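Enquirer: My questions all concern the structure below.
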Amino acid sequence: MDICNTSEIKAAALRRLTDAGQAKRIAAIYAGVTLGLSALVTILGLVLEAMMSGATGLGGMGRRTILSSVQSMLPWVVGLITMCVELGYQAAMLRVARGQYASPQTLRLGFDRFWVLLRCILLEGVILFAIAFGGIYIATMLFMLTPFSGRVMEVLSPVLEDVTLLSPEMVLDEALYDQLMQAMIPAFVMCAIVVAAAAIPVLYRLRMARFVIIDKPGIGALAALRESRKMMRGNCLRLVKLDISLWPYYIGCVFASLLCYGDVLLPMMGVRFPWSDTVSYYLFFALYLAVQFAVYYFLRNQAEVAYSIAYDSIRPKEPKTEGVALGSIFGN
């Protein structure tokens, strides 16, 4: 199937989902696990906060330290579990895209590939960090060559006059800090543009790495990233077109995310609630969970199956021996 034909890919995804009896169940389990873990972290964070507040005095210092460490580690542990479940969900949708049987047991695949998946994510993080660092450096140099930098120097001039070798600290009062932030807005915009222009193409080249890890059990993280880069050569804009065609899913995710921060966004627009900030936080968090679950259950399956079909359309076809495809655990 041609990745350029987004309508054909989406139609094929709907047909495969219709034939896959377990797809909705897998989506419900995936959404329940990931969002349930998110809710669990929030609730446990509240409980640990209350326990730390109760551990007062010098006698409770050790207990507060332990509880604080547990509170800090919880998001990392949940993030690793979610990472594995995510890969298992993608594997299940890849099976659906190929017309093969998929069951909730497929969600465990990510735990089997934990180390290679973790190394892949860490490598991606290192690559993106390097791109961000380089982009910010280039944008800063460009900013210094523009007239906008003159405004920053005007704001800082009174403070720099008081800086000496004996007193090197630069003290900014609140009003001067606000002026500096206003003057730095063009620099922030330039940094965002340069980093995005450099990072987005790289992110698209690495988009198929997870599918490669699913398809090739013995592959390493670096090799998976390399395979993804080869597959995406000349296909990045085509995948962008597929992303745009799946806009209902992404709009739903954005709407759910905005709901999650509704307790902050609505007061900024002048909306006031007749209850406490704590009640507002958990009310909007509950709404976020409900909407995000609906988005995952009704929309994400089609998006993931469509991406799986796109992956199959661009991956190198492997030679067959006696009717069995080599290297792929799911066949061709």
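Labels for the structure tokens follow display order: chains A, B, ..., residues from 1 in each chain, ligands from 1.
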Looking only at the backbone, which of the residues in stretch 92-207 of chain A does DSSP tag as helix (DSSP H, G or I), as a ChimeraX atom specification?

Expert: /A:92-97,104-112,114-144,148-160,174-183,185-205

Enquirer: If we count only C-alpha atoms and set the cut-off at 10 Å, which residues sit around A:Lys230, ignoring sequence neighbours fewer than 4 positions away in its own chain? Please answer as a JSON list (two decimals) with all heavy atoms, in the first residue's frame.

Expert:
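selection30.json was written with the following content:
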```
[["chain", "number", "residue", "atom", "x", "y", "z"],
["A", 205, "ARG", "N", 12.52, 11.13, 11.35],
["A", 205, "ARG", "CA", 13.40, 10.05, 10.87],
["A", 205, "ARG", "C", 13.48, 8.89, 11.87],
["A", 205, "ARG", "O", 13.77, 7.76, 11.49],
["A", 205, "ARG", "CB", 14.80, 10.60, 10.61],
["A", 205, "ARG", "CG", 14.87, 11.53, 9.41],
["A", 205, "ARG", "CD", 16.29, 11.87, 9.04],
["A", 205, "ARG", "NE", 16.36, 12.81, 7.93],
["A", 205, "ARG", "CZ", 16.52, 14.11, 8.05],
["A", 205, "ARG", "NH1", 16.67, 14.64, 9.26],
["A", 205, "ARG", "NH2", 16.56, 14.90, 6.99],
["A", 206, "LEU", "N", 13.21, 9.17, 13.14],
["A", 206, "LEU", "CA", 13.31, 8.13, 14.16],
["A", 206, "LEU", "C", 11.94, 7.54, 14.52],
["A", 206, "LEU", "O", 11.86, 6.70, 15.41],
["A", 206, "LEU", "CB", 13.95, 8.72, 15.44],
["A", 206, "LEU", "CG", 15.32, 9.38, 15.27],
["A", 206, "LEU", "CD1", 15.81, 9.90, 16.62],
["A", 206, "LEU", "CD2", 16.32, 8.41, 14.68],
["A", 208, "MET", "N", 10.00, 5.32, 13.21],
["A", 208, "MET", "CA", 9.74, 3.91, 13.00],
["A", 208, "MET", "C", 10.59, 2.99, 13.87],
["A", 208, "MET", "O", 10.53, 1.77, 13.74],
["A", 208, "MET", "CB", 9.95, 3.56, 11.53],
["A", 208, "MET", "CG", 8.99, 4.27, 10.59],
["A", 208, "MET", "SD", 7.28, 3.84, 10.96],
["A", 208, "MET", "CE", 6.38, 5.05, 10.00],
["A", 224, "ALA", "N", 18.18, -0.11, 15.51],
["A", 224, "ALA", "CA", 16.77, 0.22, 15.27],
["A", 224, "ALA", "C", 16.62, 1.67, 14.81],
["A", 224, "ALA", "O", 15.85, 1.96, 13.89],
["A", 224, "ALA", "CB", 15.95, -0.02, 16.53],
["A", 225, "LEU", "N", 17.35, 2.56, 15.45],
["A", 225, "LEU", "CA", 17.31, 3.97, 15.03],
["A", 225, "LEU", "C", 17.87, 4.14, 13.62],
["A", 225, "LEU", "O", 17.35, 4.93, 12.83],
["A", 225, "LEU", "CB", 18.10, 4.83, 16.02],
["A", 225, "LEU", "CG", 17.53, 4.92, 17.44],
["A", 225, "LEU", "CD1", 18.49, 5.66, 18.35],
["A", 225, "LEU", "CD2", 16.17, 5.60, 17.44],
["A", 226, "ARG", "N", 18.92, 3.37, 13.32],
["A", 226, "ARG", "CA", 19.50, 3.45, 11.98],
["A", 226, "ARG", "C", 18.52, 2.92, 10.92],
["A", 226, "ARG", "O", 18.38, 3.51, 9.84],
["A", 226, "ARG", "CB", 20.81, 2.65, 11.94],
["A", 226, "ARG", "CG", 21.67, 2.91, 10.70],
["A", 226, "ARG", "CD", 22.92, 2.07, 10.73],
["A", 226, "ARG", "NE", 23.75, 2.39, 11.88],
["A", 226, "ARG", "CZ", 24.03, 1.53, 12.86],
["A", 226, "ARG", "NH1", 23.56, 0.29, 12.82],
["A", 226, "ARG", "NH2", 24.79, 1.89, 13.88],
["A", 234, "GLY", "N", 13.09, 10.16, 2.47],
["A", 234, "GLY", "CA", 12.14, 10.46, 1.41],
["A", 234, "GLY", "C", 10.69, 10.27, 1.79],
["A", 234, "GLY", "O", 9.79, 10.51, 0.96],
["A", 235, "ASN", "N", 10.41, 9.84, 3.02],
["A", 235, "ASN", "CA", 9.04, 9.57, 3.44],
["A", 235, "ASN", "C", 8.55, 10.48, 4.56],
["A", 235, "ASN", "O", 7.42, 10.32, 5.04],
["A", 235, "ASN", "CB", 8.90, 8.11, 3.90],
["A", 235, "ASN", "CG", 9.02, 7.13, 2.74],
["A", 235, "ASN", "OD1", 8.39, 7.31, 1.70],
["A", 235, "ASN", "ND2", 9.84, 6.11, 2.92],
["A", 314, "ILE", "N", 6.65, 0.91, 3.87],
["A", 314, "ILE", "CA", 7.98, 1.47, 3.58],
["A", 314, "ILE", "C", 9.12, 0.59, 4.09],
["A", 314, "ILE", "O", 10.28, 0.82, 3.73],
["A", 314, "ILE", "CB", 8.14, 2.88, 4.19],
["A", 314, "ILE", "CG1", 8.04, 2.84, 5.72],
["A", 314, "ILE", "CG2", 7.13, 3.83, 3.60],
["A", 314, "ILE", "CD1", 8.29, 4.19, 6.39],
["A", 315, "ARG", "N", 8.83, -0.41, 4.91],
["A", 315, "ARG", "CA", 9.93, -1.24, 5.43],
["A", 315, "ARG", "C", 10.47, -2.14, 4.32],
["A", 315, "ARG", "O", 9.72, -2.57, 3.43],
["A", 315, "ARG", "CB", 9.47, -2.08, 6.62],
["A", 315, "ARG", "CG", 8.55, -3.23, 6.28],
["A", 315, "ARG", "CD", 8.07, -3.94, 7.52],
["A", 315, "ARG", "NE", 7.17, -5.03, 7.20],
["A", 315, "ARG", "CZ", 7.54, -6.29, 7.07],
["A", 315, "ARG", "NH1", 8.82, -6.63, 7.22],
["A", 315, "ARG", "NH2", 6.67, -7.23, 6.78],
["A", 316, "PRO", "N", 11.74, -2.43, 4.37],
["A", 316, "PRO", "CA", 12.31, -3.33, 3.35],
["A", 316, "PRO", "C", 11.69, -4.71, 3.45],
["A", 316, "PRO", "O", 11.56, -5.27, 4.55],
["A", 316, "PRO", "CB", 13.80, -3.36, 3.69],
["A", 316, "PRO", "CG", 14.04, -2.17, 4.57],
["A", 316, "PRO", "CD", 12.77, -1.93, 5.29]]
```

Enquirer: Could you give me, as CSV, every stretch 56-166 of chain A residue with an atom at most 10 Å from stretch 6-14 of chain A, plus its closest atom pair and distance in Å to one decimal, counting only C-alpha atoms, rows ordered by chain then number?

Expert:
```
residue,atom,partner,partner_atom,distance
A:Met93,CA,A:Ala13,CA,9.7
A:Val96,CA,A:Ala13,CA,8.6
A:Ala97,CA,A:Ala13,CA,6.6
A:Arg98,CA,A:Ala13,CA,9.8
```

Enquirer: Could you save the residues just selected, with C-alpha atoms, as a PDB file, in the first residue's frame?

Expert:
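Result written to selection-v7.pdb:
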```
ATOM      1  CA  MET A  93      -2.031  -2.842  16.499  1.00  0.00           C
ATOM      2  CA  VAL A  96      -4.195  -6.067  13.595  1.00  0.00           C
ATOM      3  CA  ALA A  97      -2.793  -4.138  10.615  1.00  0.00           C
ATOM      4  CA  ARG A  98      -1.407  -7.393   9.216  1.00  0.00           C
TER       5      ARG A  98
END
```

Enquirer: Restricting the calculation to only C-alpha atoms: of A:Tyr261, A:Tyr89, A:Tyr249, A:Tyr177, which residue gets closest to A:Lys24?

Expert: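 The answer is A:Tyr89, which sits nearest to A:Lys24.
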
Enquirer: Excluding A:Val240 and any residue of its chain fewer than 5 positions from it, enumerate the residues within 12 Å of it, using only C-alpha atoms, and give them as a ChimeraX atom specification.

Expert: /A:3-4,6,200-201,203-205,207,232,234-235,245-247,307,310

Enquirer: Fewer than 6 positions away in the same chain doesn't count, so skip those; otherwise give me all residues within 10 Å of A:Tyr296, counting only C-alpha atoms, as number ranges by chain.

Expert: A: 24, 27-28, 30-32, 249, 252-253, 302-303

Enquirer: Of the residues A:Tyr311, A:Thr82, A:Ser68, A:Ala306, which is the one nearest to A:Gly36, using only C-alpha atoms?

Expert: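 Closest residue, counting only C-alpha atoms: A:Thr82.
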
Enquirer: Quote the spacing between atom CA of A:Leu74 and atom CA of A:Ala39 in Å to one decimal place.

Expert: 11.8 Å

Enquirer: Could you tell me how far atom CA of A:Met73 sits from atom CA of A:Leu48, in Å to one decimal place?

Expert: 12.0 Å

Enquirer: Atom CA of A:Arg16 and atom CA of A:Leu289 are how many Å apart?

Expert: 27.5 Å

Enquirer: Quick one: everything within 12 Å of stretch 120-123 of chain A, counting only C-alpha atoms, minus sequence neighbours fewer than 6 positions away in the same chain. Send it as a list in words.

Expert: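 The contact residues come out as Gly79, Leu80, Met83, Cys84, Leu87, Arg113, Phe114, Phe129, Ala130, Leu203, Leu206, Arg207, Met208, Ala209, Arg210, Phe211, Val212, Ile213, Ile219, Gly220, Ala221, Leu222, Ala223, Ala224, Leu225, Arg226 and Ser228 of chain A.
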
Enquirer: Just C-alpha atoms for this one: save the residues we selected as a PDB file, in the first residue's frame.

Expert:
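After the write, result-v1.pdb holds the following:
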```pdb
ATOM      1  CA  GLY A  79       6.891   6.111  33.231  1.00  0.00           C
ATOM      2  CA  LEU A  80       8.914   2.932  32.642  1.00  0.00           C
ATOM      3  CA  MET A  83       6.707   2.870  28.154  1.00  0.00           C
ATOM      4  CA  CYS A  84       6.524  -0.926  28.041  1.00  0.00           C
ATOM      5  CA  LEU A  87       5.208  -0.742  22.954  1.00  0.00           C
ATOM      6  CA  ARG A 113      12.028  -5.769  25.061  1.00  0.00           C
ATOM      7  CA  PHE A 114      12.545  -3.501  28.076  1.00  0.00           C
ATOM      8  CA  PHE A 129      19.465  17.222  23.826  1.00  0.00           C
ATOM      9  CA  ALA A 130      22.402  17.767  21.492  1.00  0.00           C
ATOM     10  CA  LEU A 203      12.087  13.111  15.181  1.00  0.00           C
ATOM     11  CA  LEU A 206      13.306   8.134  14.164  1.00  0.00           C
ATOM     12  CA  ARG A 207       9.531   7.537  14.174  1.00  0.00           C
ATOM     13  CA  MET A 208       9.738   3.906  13.003  1.00  0.00           C
ATOM     14  CA  ALA A 209      12.296   2.749  15.586  1.00  0.00           C
ATOM     15  CA  ARG A 210       9.604   1.281  17.874  1.00  0.00           C
ATOM     16  CA  PHE A 211       8.158  -0.773  15.016  1.00  0.00           C
ATOM     17  CA  VAL A 212      11.632  -2.061  14.184  1.00  0.00           C
ATOM     18  CA  ILE A 213      12.120  -3.148  17.818  1.00  0.00           C
ATOM     19  CA  ILE A 219      18.067  -5.883  17.041  1.00  0.00           C
ATOM     20  CA  GLY A 220      19.892  -3.310  19.161  1.00  0.00           C
ATOM     21  CA  ALA A 221      18.739   0.216  19.963  1.00  0.00           C
ATOM     22  CA  LEU A 222      21.256   1.969  17.713  1.00  0.00           C
ATOM     23  CA  ALA A 223      20.512  -0.402  14.857  1.00  0.00           C
ATOM     24  CA  ALA A 224      16.765   0.219  15.272  1.00  0.00           C
ATOM     25  CA  LEU A 225      17.313   3.969  15.034  1.00  0.00           C
ATOM     26  CA  ARG A 226      19.504   3.446  11.977  1.00  0.00           C
ATOM     27  CA  SER A 228      14.202   3.886  11.020  1.00  0.00           C
TER      28      SER A 228
END
```

Enquirer: Residues near A:Ala286, anyone? I mean within 9 Å using only C-alpha atoms, not counting same-chain ones fewer than 4 positions away, as an NGL selection string.

Expert: :A and (39 or 260 or 281-282 or 290-291)
